[in-house]
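Heads up, structure19.tsv below (TSV, C-alpha atoms):
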chain	number	residue	atom	x	y	z
R	896	MET	CA	53.56	141.63	104.52
R	897	LEU	CA	54.49	144.56	106.79
R	898	ASN	CA	51.71	146.19	108.71
R	899	ARG	CA	51.67	149.91	109.23
R	900	ARG	CA	53.15	149.67	112.74
R	901	SER	CA	56.05	147.43	111.59
R	902	PHE	CA	56.84	149.69	108.68
R	903	ALA	CA	56.88	152.73	110.95
R	904	GLY	CA	59.28	150.94	113.30
R	905	LEU	CA	61.68	150.06	110.48
R	906	LEU	CA	61.58	153.59	109.14
R	907	ALA	CA	62.38	154.99	112.58
R	908	ALA	CA	65.29	152.58	112.98
R	909	ALA	CA	66.68	153.49	109.56
R	910	THR	CA	66.37	157.19	110.31
R	911	LEU	CA	68.20	156.71	113.64
R	912	ALA	CA	71.00	154.78	111.94
R	913	LEU	CA	71.49	157.48	109.34
R	914	SER	CA	71.69	160.16	112.00
R	915	PHE	CA	74.93	158.68	113.38
R	916	PRO	CA	78.08	158.30	111.27
R	917	ALA	CA	79.39	154.80	110.82
R	918	LEU	CA	82.05	153.91	113.33
R	919	ALA	CA	85.48	154.24	111.73
R	920	GLU	CA	87.41	151.02	111.40
R	921	PRO	CA	90.76	150.82	113.21
R	922	ILE	CA	93.86	151.03	111.01
R	923	THR	CA	96.67	148.53	111.56
R	924	LEU	CA	100.09	149.00	110.01
R	925	THR	CA	103.64	147.74	110.31
R	926	ASP	CA	106.32	150.34	111.01
R	927	ALA	CA	110.02	150.37	110.14
R	928	LEU	CA	110.91	148.22	113.16
R	929	GLY	CA	108.37	145.58	112.20
R	930	ARG	CA	106.06	146.65	115.04
R	931	SER	CA	102.34	146.27	114.48
R	932	VAL	CA	100.66	149.58	115.35
R	933	THR	CA	96.90	150.13	115.51
R	934	LEU	CA	95.29	153.52	115.08
R	935	ALA	CA	91.78	153.76	116.47
R	936	LYS	CA	90.54	155.75	113.47
R	937	PRO	CA	91.79	157.71	110.45
R	938	VAL	CA	94.12	160.35	111.84
R	939	GLU	CA	93.17	163.98	112.07
R	940	ARG	CA	96.03	165.18	114.27
R	941	VAL	CA	99.69	164.18	113.83
R	942	ALA	CA	102.90	164.94	115.70
R	943	LEU	CA	106.15	164.51	113.76
R	944	ASN	CA	109.70	164.53	115.11
R	945	PHE	CA	111.87	164.08	111.99
R	946	ASN	CA	112.02	163.32	108.24
R	947	PHE	CA	109.94	166.34	107.36
R	948	GLU	CA	110.76	166.36	103.65
R	949	GLU	CA	109.96	162.65	103.41
R	950	PHE	CA	106.65	163.30	105.16
R	951	THR	CA	105.89	166.09	102.69
R	952	ALA	CA	106.59	163.90	99.67
R	953	ILE	CA	104.43	161.05	100.97
R	954	ALA	CA	101.55	162.97	102.56
R	955	GLY	CA	101.57	165.87	100.12
R	956	LYS	CA	101.40	169.52	101.05
R	957	GLU	CA	97.82	168.93	102.20
R	958	GLY	CA	99.02	166.44	104.79
R	959	TRP	CA	100.50	169.30	106.81
R	960	GLN	CA	96.97	170.47	107.62
R	961	LYS	CA	96.83	167.53	110.05
R	962	VAL	CA	100.18	168.22	111.72
R	963	VAL	CA	99.86	169.78	115.19
R	964	GLY	CA	103.50	169.71	116.34
R	965	ILE	CA	107.07	169.02	115.18
R	966	SER	CA	110.57	168.90	116.59
R	967	ARG	CA	111.65	172.25	115.20
R	968	ALA	CA	115.39	172.03	115.95
R	969	PRO	CA	116.27	169.30	113.41
R	970	TRP	CA	114.69	171.33	110.61
R	971	GLU	CA	114.51	175.01	111.49
R	972	GLY	CA	117.70	174.82	113.54
R	973	TRP	CA	119.84	172.55	111.36
R	974	ARG	CA	118.61	173.64	107.93
R	975	PRO	CA	116.99	177.07	108.34
R	976	VAL	CA	117.23	178.03	104.66
R	977	ILE	CA	115.28	174.95	103.64
R	978	PHE	CA	112.81	175.37	106.52
R	979	ALA	CA	112.11	178.91	105.35
R	980	ARG	CA	111.50	177.72	101.81
R	981	TYR	CA	108.94	175.16	102.98
R	982	SER	CA	107.36	177.65	105.39
R	983	ALA	CA	106.61	179.92	102.44
R	984	VAL	CA	104.32	177.29	100.88
R	985	ILE	CA	102.98	175.44	103.95
R	986	PRO	CA	100.74	177.94	105.79
R	987	ASN	CA	100.86	176.40	109.29
R	988	LEU	CA	104.57	175.53	109.34
R	989	ALA	CA	106.12	178.80	110.52
R	990	ALA	CA	104.05	178.87	113.72
R	991	MET	CA	104.06	175.11	114.27
R	992	PRO	CA	104.21	174.13	117.98
R	993	ASP	CA	107.53	172.64	119.06
R	994	ILE	CA	107.54	169.20	120.72
R	995	GLY	CA	111.26	169.44	121.52
R	996	HIS	CA	114.29	167.55	120.30
R	997	SER	CA	115.80	164.33	121.58
R	998	ASP	CA	119.42	165.39	121.08
R	999	ASP	CA	119.29	168.47	123.32
R	1000	GLY	CA	117.08	167.10	126.08
R	1001	THR	CA	114.01	169.17	125.20
R	1002	PHE	CA	111.84	166.38	123.79
R	1003	SER	CA	108.63	166.69	125.80
R	1004	ALA	CA	106.04	163.97	126.39
R	1005	GLU	CA	103.92	166.54	128.22
R	1006	LYS	CA	103.88	168.88	125.23
R	1007	ILE	CA	102.98	166.07	122.84
R	1008	ILE	CA	100.17	164.84	125.08
R	1009	SER	CA	98.80	168.38	125.41
R	1010	LEU	CA	98.54	168.66	121.61
R	1011	ARG	CA	96.23	165.59	121.54
R	1012	PRO	CA	97.63	163.94	118.41
R	1013	ASP	CA	96.08	160.73	117.12
R	1014	VAL	CA	99.61	159.47	116.41
R	1015	LEU	CA	103.27	160.39	116.87
R	1016	ILE	CA	105.57	159.63	113.93
R	1017	MET	CA	109.03	159.19	115.40
R	1018	ALA	CA	112.48	158.54	113.93
R	1019	GLU	CA	114.13	155.31	115.09
R	1020	TRP	CA	117.14	157.04	116.64
R	1021	ALA	CA	114.88	159.25	118.77
R	1022	TYR	CA	112.61	156.34	119.66
R	1023	GLN	CA	115.55	154.35	121.01
R	1024	THR	CA	116.81	157.15	123.28
R	1025	GLN	CA	113.46	158.40	124.62
R	1026	LYS	CA	112.08	155.37	126.44
R	1027	THR	CA	110.64	157.28	129.40
R	1028	ALA	CA	108.94	159.83	127.16
R	1029	ARG	CA	107.55	157.24	124.77
R	1030	ASP	CA	106.15	155.19	127.67
R	1031	GLN	CA	104.35	158.30	128.90
R	1032	ILE	CA	103.04	159.07	125.42
R	1033	GLU	CA	101.75	155.54	124.84
R	1034	ALA	CA	100.25	155.43	128.34
R	1035	ALA	CA	98.23	158.50	127.34
R	1036	GLY	CA	96.76	156.48	124.48
R	1037	ILE	CA	98.84	158.00	121.69
R	1038	PRO	CA	100.32	155.33	119.39
R	1039	ILE	CA	103.85	155.76	118.05
R	1040	VAL	CA	104.85	154.84	114.50
R	1041	VAL	CA	108.60	154.46	114.05
R	1042	ILE	CA	110.28	155.34	110.76
R	1043	ASP	CA	113.93	154.85	109.83
R	1044	TYR	CA	115.74	156.32	106.85
R	1045	ASN	CA	118.99	156.63	108.84
R	1046	ALA	CA	119.77	152.90	108.71
R	1047	GLN	CA	120.29	153.27	104.94
R	1048	LEU	CA	118.65	149.90	104.30
R	1049	LEU	CA	116.32	149.36	101.36
R	1050	ASP	CA	113.72	147.50	103.39
R	1051	ARG	CA	113.56	150.21	106.06
R	1052	HIS	CA	113.27	152.98	103.48
R	1053	VAL	CA	110.36	151.12	101.91
R	1054	ALA	CA	108.70	150.21	105.23
R	1055	SER	CA	108.97	153.79	106.50
R	1056	THR	CA	107.45	155.19	103.33
R	1057	LEU	CA	104.54	152.75	103.35
R	1058	ALA	CA	103.93	153.36	107.07
R	1059	ILE	CA	103.66	157.14	106.60
R	1060	GLY	CA	101.31	156.59	103.68
R	1061	LYS	CA	99.10	154.32	105.78
R	1062	VAL	CA	98.99	156.84	108.64
R	1063	MET	CA	98.16	159.76	106.35
R	1064	GLY	CA	95.72	157.98	104.04
R	1065	THR	CA	98.01	158.49	101.03
R	1066	GLU	CA	98.79	154.84	100.40
R	1067	ALA	CA	98.87	155.05	96.59
R	1068	ARG	CA	101.36	157.92	96.71
R	1069	ALA	CA	103.48	156.05	99.26
R	1070	GLN	CA	103.49	152.89	97.17
R	1071	GLU	CA	104.58	154.89	94.13
R	1072	LEU	CA	107.43	156.51	96.05
R	1073	ALA	CA	108.52	153.21	97.58
R	1074	ALA	CA	108.55	151.62	94.13
R	1075	LEU	CA	110.53	154.55	92.72
R	1076	TYR	CA	113.15	154.28	95.45
R	1077	LYS	CA	113.43	150.49	95.11
R	1078	THR	CA	113.78	150.72	91.33
R	1079	GLN	CA	116.47	153.40	91.46
R	1080	TYR	CA	118.38	151.70	94.28
R	1081	GLU	CA	118.43	148.33	92.53
R	1082	ASP	CA	119.38	149.92	89.20
R	1083	ILE	CA	122.37	151.60	90.86
R	1084	LEU	CA	123.58	148.34	92.39
R	1085	ALA	CA	123.11	146.49	89.10
R	1086	ARG	CA	125.25	149.04	87.27
R	1087	VAL	CA	127.93	148.90	89.97
R	1088	ALA	CA	128.00	145.11	89.69
R	1089	ARG	CA	128.84	145.42	85.97
R	1090	ALA	CA	131.85	147.65	86.64
R	1091	LYS	CA	135.30	146.11	86.11
R	1092	GLY	CA	138.68	146.91	87.60
R	1093	PRO	CA	139.98	147.70	91.09
R	1094	LYS	CA	137.83	149.42	93.68
R	1095	PRO	CA	138.26	153.20	93.51
R	1096	LYS	CA	139.68	154.75	96.68
R	1097	VAL	CA	137.46	157.54	98.00
R	1098	TYR	CA	137.63	160.17	100.72
R	1099	VAL	CA	134.59	162.08	102.03
R	1100	GLU	CA	134.80	165.06	104.36
R	1101	LEU	CA	132.27	167.43	105.89
R	1102	GLY	CA	133.22	170.80	104.42
R	1103	GLN	CA	131.73	173.00	107.11
R	1104	ALA	CA	134.52	175.06	108.64
R	1105	GLY	CA	136.91	175.77	105.77
R	1106	ALA	CA	140.05	174.20	104.37
R	1107	GLU	CA	142.17	174.96	107.43
R	1108	THR	CA	139.92	172.75	109.59
R	1109	ILE	CA	139.64	168.99	109.04
R	1110	GLY	CA	135.96	168.06	109.08
R	1111	ASN	CA	134.40	164.73	109.93
R	1112	THR	CA	134.65	161.75	107.65
R	1113	TYR	CA	132.41	158.68	107.93
R	1114	ASN	CA	132.75	154.95	108.37
R	1115	GLY	CA	129.82	152.52	108.18
R	1116	THR	CA	127.17	155.22	108.24
R	1117	MET	CA	126.04	158.21	106.17
R	1118	TRP	CA	128.55	158.80	103.36
R	1119	GLY	CA	130.69	155.90	104.56
R	1120	LYS	CA	127.75	153.53	104.18
R	1121	ILE	CA	127.05	154.85	100.69
R	1122	LEU	CA	130.67	154.34	99.62
R	1123	THR	CA	130.75	150.70	100.70
R	1124	THR	CA	127.31	150.07	99.19
R	1125	LEU	CA	128.70	151.36	95.90
R	1126	GLY	CA	131.70	149.05	96.08
R	1127	ALA	CA	134.26	151.79	96.73
R	1128	GLU	CA	137.19	151.61	99.13
R	1129	ASN	CA	136.51	154.15	101.86
R	1130	ILE	CA	139.92	155.31	103.06
R	1131	ALA	CA	138.47	156.10	106.50
R	1132	THR	CA	137.65	152.45	107.24
R	1133	GLY	CA	139.62	151.31	110.24
R	1134	LYS	CA	141.25	154.72	110.69
R	1135	ILE	CA	138.70	156.60	112.79
R	1136	PRO	CA	137.51	155.33	116.18
R	1137	GLY	CA	133.77	155.63	115.60
R	1138	PRO	CA	131.21	156.13	112.85
R	1139	TRP	CA	132.42	159.67	112.24
R	1140	GLY	CA	135.31	161.92	113.11
R	1141	PRO	CA	138.28	163.69	111.49
R	1142	LEU	CA	140.86	161.67	109.57
R	1143	ALA	CA	144.43	162.92	109.98
R	1144	ALA	CA	145.76	164.91	107.06
R	1145	GLU	CA	148.77	162.57	106.81
R	1146	ALA	CA	146.47	159.57	106.43
R	1147	VAL	CA	144.60	161.18	103.52
R	1148	ILE	CA	147.88	161.94	101.75
R	1149	ALA	CA	149.23	158.44	102.40
R	1150	GLU	CA	146.06	156.80	101.05
R	1151	ASN	CA	146.09	159.05	97.94
R	1152	PRO	CA	142.38	158.75	97.04
R	1153	ASP	CA	141.15	158.60	93.46
R	1154	VAL	CA	138.07	160.72	94.21
R	1155	ILE	CA	137.25	163.23	96.96
R	1156	PHE	CA	133.78	164.40	97.97
R	1157	MET	CA	133.30	167.44	100.21
R	1158	ALA	CA	129.85	167.54	101.82
R	1159	GLY	CA	128.42	171.05	101.79
R	1160	SER	CA	125.15	172.76	102.64
R	1161	SER	CA	123.43	176.10	103.23
R	1162	TRP	CA	124.59	176.35	106.84
R	1163	VAL	CA	124.06	179.69	108.54
R	1164	GLY	CA	127.06	181.27	110.24
R	1165	ARG	CA	129.57	179.11	108.37
R	1166	PRO	CA	131.19	181.55	105.93
R	1167	LYS	CA	133.97	179.16	104.91
R	1168	ALA	CA	131.73	176.18	104.27
R	1169	VAL	CA	131.28	174.44	100.94
R	1170	ARG	CA	128.06	176.03	99.71
R	1171	THR	CA	125.28	173.94	98.19
R	1172	GLY	CA	121.48	174.03	98.15
R	1173	TYR	CA	118.49	175.82	96.69
R	1174	ASP	CA	119.91	179.34	96.75
R	1175	THR	CA	123.47	178.55	95.70
R	1176	PRO	CA	124.68	179.40	92.16
R	1177	PHE	CA	126.97	176.87	90.52
R	1178	GLU	CA	129.97	179.18	90.57
R	1179	THR	CA	129.53	179.83	94.30
R	1180	THR	CA	129.66	176.10	94.98
R	1181	ARG	CA	132.72	175.69	92.80
R	1182	ASP	CA	134.55	178.67	94.35
R	1183	SER	CA	133.86	177.43	97.89
R	1184	LEU	CA	135.23	174.03	96.91
R	1185	LYS	CA	138.44	175.32	95.34
R	1186	GLN	CA	139.86	176.41	98.71
R	1187	TYR	CA	140.51	172.77	99.58
R	1188	LEU	CA	142.85	172.29	96.64
R	1189	GLY	CA	145.42	174.46	98.41
R	1190	ARG	CA	145.74	172.22	101.45
R	1191	PRO	CA	149.34	171.16	102.16
R	1192	GLY	CA	150.17	168.01	100.21
R	1193	TRP	CA	146.92	167.91	98.28
R	1194	GLU	CA	148.49	169.10	95.04
R	1195	GLY	CA	149.99	165.62	94.58
R	1196	LEU	CA	146.82	163.63	95.23
R	1197	LYS	CA	145.40	161.61	92.33
R	1198	ALA	CA	141.96	163.12	92.91
R	1199	VAL	CA	143.26	166.67	92.74
R	1200	LYS	CA	145.45	166.09	89.68
R	1201	ALA	CA	142.49	164.47	87.88
R	1202	SER	CA	140.04	167.20	88.99
R	1203	GLN	CA	138.06	164.52	90.81
R	1204	VAL	CA	137.15	166.73	93.76
R	1205	HIS	CA	133.41	167.23	94.19
R	1206	ALA	CA	130.89	169.06	96.32
R	1207	ILE	CA	127.74	167.20	97.36
R	1208	GLU	CA	124.86	168.43	99.52
R	1209	HIS	CA	125.11	166.88	102.99
R	1210	GLY	CA	121.32	166.82	103.31
R	1211	LEU	CA	121.02	164.35	100.42
R	1212	CYS	CA	122.28	161.57	102.67
R	1213	ARG	CA	119.85	159.24	104.50
R	1214	THR	CA	116.67	160.43	102.82
R	1215	LEU	CA	113.92	159.12	100.56
R	1216	PHE	CA	115.79	160.80	97.71
R	1217	ASP	CA	119.30	159.66	98.66
R	1218	TYR	CA	119.41	157.60	95.46
R	1219	VAL	CA	120.25	160.93	93.80
R	1220	ALA	CA	123.43	161.21	95.88
R	1221	MET	CA	124.22	157.56	95.16
R	1222	GLN	CA	123.83	158.19	91.43
R	1223	TYR	CA	126.17	161.18	91.54
R	1224	ILE	CA	128.88	159.41	93.50
R	1225	ALA	CA	128.60	156.25	91.39
R	1226	LYS	CA	128.79	158.31	88.20
R	1227	GLN	CA	132.20	159.62	89.26
R	1228	LEU	CA	133.45	156.17	90.28
R	1229	TYR	CA	132.10	154.28	87.28
R	1230	PRO	CA	131.57	156.81	84.47
R	1231	GLN	CA	131.00	154.23	81.76
R	1232	GLU	CA	128.25	152.37	83.63
R	1233	PHE	CA	126.47	155.61	84.59
R	1234	ALA	CA	127.02	157.58	81.38
R	1235	ASP	CA	123.27	157.90	80.73
R	1236	VAL	CA	122.36	158.81	84.33
R	1237	ASP	CA	121.67	162.46	85.20
R	1238	PRO	CA	121.41	162.83	88.99
R	1239	ALA	CA	120.49	166.52	88.89
R	1240	GLU	CA	117.66	165.80	86.47
R	1241	ALA	CA	116.48	162.94	88.70
R	1242	PHE	CA	116.32	165.32	91.65
R	1243	ARG	CA	114.53	167.94	89.54
R	1244	ALA	CA	111.92	165.34	88.55
R	1245	TYR	CA	111.44	164.29	92.18
R	1246	HIS	CA	110.75	167.90	93.14
R	1247	ALA	CA	108.34	168.42	90.27
R	1248	LYS	CA	106.24	165.39	91.15
R	1249	TYR	CA	106.41	165.08	94.92
R	1250	LEU	CA	107.48	168.32	96.61
R	1251	PRO	CA	105.72	171.71	96.93
R	1252	VAL	CA	108.98	173.65	96.48
R	1253	ALA	CA	110.69	174.13	93.14
R	1254	TYR	CA	114.08	172.66	92.31
R	1255	SER	CA	116.82	175.28	92.05
R	1256	GLY	CA	120.43	175.93	93.01
R	1257	THR	CA	123.37	173.54	93.09
R	1258	TRP	CA	123.40	170.22	94.93
R	1259	MET	CA	126.40	168.49	93.33
R	1260	ALA	CA	129.38	169.94	91.46
R	1261	ARG	CA	132.87	169.10	90.24
R	1262	VAL	CA	135.65	171.50	91.15
R	1263	THR	CA	136.55	172.10	87.47
R	1264	PRO	CA	134.80	171.23	84.19
Go ahead and render the structure in this file as structure tokens.
Amino acid sequence: MLNRRSFAGLLAAATLALSFPALAEPITLTDALGRSVTLAKPVERVALNFNFEEFTAIAGKEGWQKVVGISRAPWEGWRPVIFARYSAVIPNLAAMPDIGHSDDGTFSAEKIISLRPDVLIMAEWAYQTQKTARDQIEAAGIPIVVIDYNAQLLDRHVASTLAIGKVMGTEARAQELAALYKTQYEDILARVARAKGPKPKVYVELGQAGAETIGNTYNGTMWGKILTTLGAENIATGKIPGPWGPLAAEAVIAENPDVIFMAGSSWVGRPKAVRTGYDTPFETTRDSLKQYLGRPGWEGLKAVKASQVHAIEHGLCRTLFDYVAMQYIAKQLYPQEFADVDPAEAFRAYHAKYLPVAYSGTWMARVTP
């Protein structure tokens, strides 16, 4: 039986324990590169260098309250119309501190360290090129979590999504998104596997500077990776020296593709570009696409004669929602197998459930009905 002195001692100890919060347990996760990363505690401050729309879907609009710095150039610089749309609904985004960009030499370890983040979420391509900076950041006690949607591999898409969810404390949302992506990706491949007949021949070009300028095509990455994943014959394979670059006009005519996709966007200062995106009416997209039909020699191409020339938003590639682009392309290549698939509706549903901005505009369009 406790005496009065013992009871008083226990009460004092209990009171002291309650006056201090329980020590937070460290959080250990596996990132897209298979690295085990430990966070000392639940994060309150985050720096983010890429995949901003993926971050938003996984962490929710509320997750941005923890973000203390971003690489502004890859979002505000590359896609200013979309950045402005998100800035209108995310209060701290417009004035977000800039941590610099790896591609232009401005990525700054000093700036990141000064912002005191609990973690830096970093795209794989930036992580690989910024060894000196990342060593400085990690030496300052800031862990780095690597994500990778650019590899266009199912396992890396899933791992990146789950890693962001673990960092941000939105694991259930991340698991739901990872499951959605896996389901859609595997459904697309299953439908493609059922398709019969010869591989369709396809040409993709970046429609940025107008019909008089040959834009980049892709081999083994971006749209080129999607084409081969979908079982198509990419006419650029073996004909450009690297992963991207222009394909000679004569080569396109000689290959005579069955389907042509022109990648467009809402680029600023590109008046001749194929126009797609949130603020683009359908007819504007279609009119901007029609200019390419007048290229010398194109009138005889199978794709042109069959009205199989399409616009597709360049920003749909290498994202957590790139299954929408895969659905659209596959639907043109294998119409019977994808007759019940509505890519635009799939993208509308993704917006409604996971993004703070409303779906609008034109993201994919055929040159004629």
Find the residue from R:Gly1119, R:Gly1137, R:Gly958, R:Gly1126 that sits nearest to R:Lys1091; use all atoms listed in the file when measuring. R:Gly1126
Taking a cut-off of 9 Å and counting all atoms listed in the file, can you build a table that, for each residue of stretch 1147-1230 of chain R near stretch 963-984 of chain R, reports the nearest atom pair and how far apart they are in Å (one decimal), sorted by chain then residue number, as a tab-separated table?
residue	atom	partner	partner_atom	distance
R:Ser1160	CA	R:Arg974	CA	8.5
R:Ser1161	CA	R:Val976	CA	6.6
R:Trp1162	CA	R:Arg974	CA	6.7
R:Val1163	CA	R:Pro975	CA	7.5
R:Gly1172	CA	R:Ile977	CA	8.3
R:Tyr1173	CA	R:Ile977	CA	7.7
R:Asp1174	CA	R:Val976	CA	8.5
R:Gly1210	CA	R:Arg974	CA	8.7
Can you work out the spacing between atom CA of R:Asp1050 and atom CA of R:Ala927 in Å, to one decimal? 8.2 Å
Given only C-alpha atoms as the basis, pick out the residue of R:Ser1003, R:Asn944, R:Thr1056, R:Ser1255 nearest to R:Leu1072. R:Thr1056
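Atom pair atom CA of R:Tyr1223 / atom CA of R:Ala1058 has a distance of 28.2 Å (rounded to one decimal).
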Shell of 12 Å around R:Gln1186, only C-alpha atoms, local chain residues under 6 positions omitted, as a count of residues only: 19
Could you tell me which of R:Lys1200, R:His996, R:His1205, R:Arg930 comes closest to R:Lys1185 if we count all atoms listed in the file? R:His1205
To one decimal in Å, tell me the separation between atom CA of R:Asp1235 and atom CA of R:Lys1077. 18.9 Å
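Across R:Ala1069, R:Ile1008, R:Ala1035, R:Val1219, the tightest approach to R:Glu1240 is made by R:Val1219 when counting all atoms listed in the file.
Taking only C-alpha atoms into account, R:Tyr1254 lies nearest to R:Thr1175 out of the set R:Asp1030, R:Thr1214, R:Thr1175, R:Ala990.
Comparing the minimum interatomic distances between R:Ala1241 and each of R:Val1014, R:Gln1079, R:Glu1071, R:Leu1084, counting only C-alpha atoms, we find that R:Gln1079 sits nearest.
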Using all atoms listed in the file, which protein or nucleic acid residues come within 9 Å of stretch 1139-1146 of chain R? Drop anything in the same chain fewer than 3 positions from it, and give the result as a PyMOL selection string. chain R and resi 1100+1109-1117+1119+1130-1131+1134-1136+1149-1151+1191-1192
Could you list, as a PyMOL selection string, every residue within 12 Å of R:Ala1074, counting all atoms listed in the file and ignoring same-chain residues fewer than 4 positions away? chain R and resi 1049-1050+1052-1054+1056-1057+1067-1070+1078-1081+1215
Kindly compute an axis-aligned box around the listed atoms of stretch 978-983 of chain R, allowing 6 Å on each side, and express its centre and edge lengths in Å to one decimal as lines of an AutoDock Vina configuration file.
center_x = 109.7
center_y = 177.5
center_z = 104.2
size_x = 18.2
size_y = 16.8
size_z = 16.7
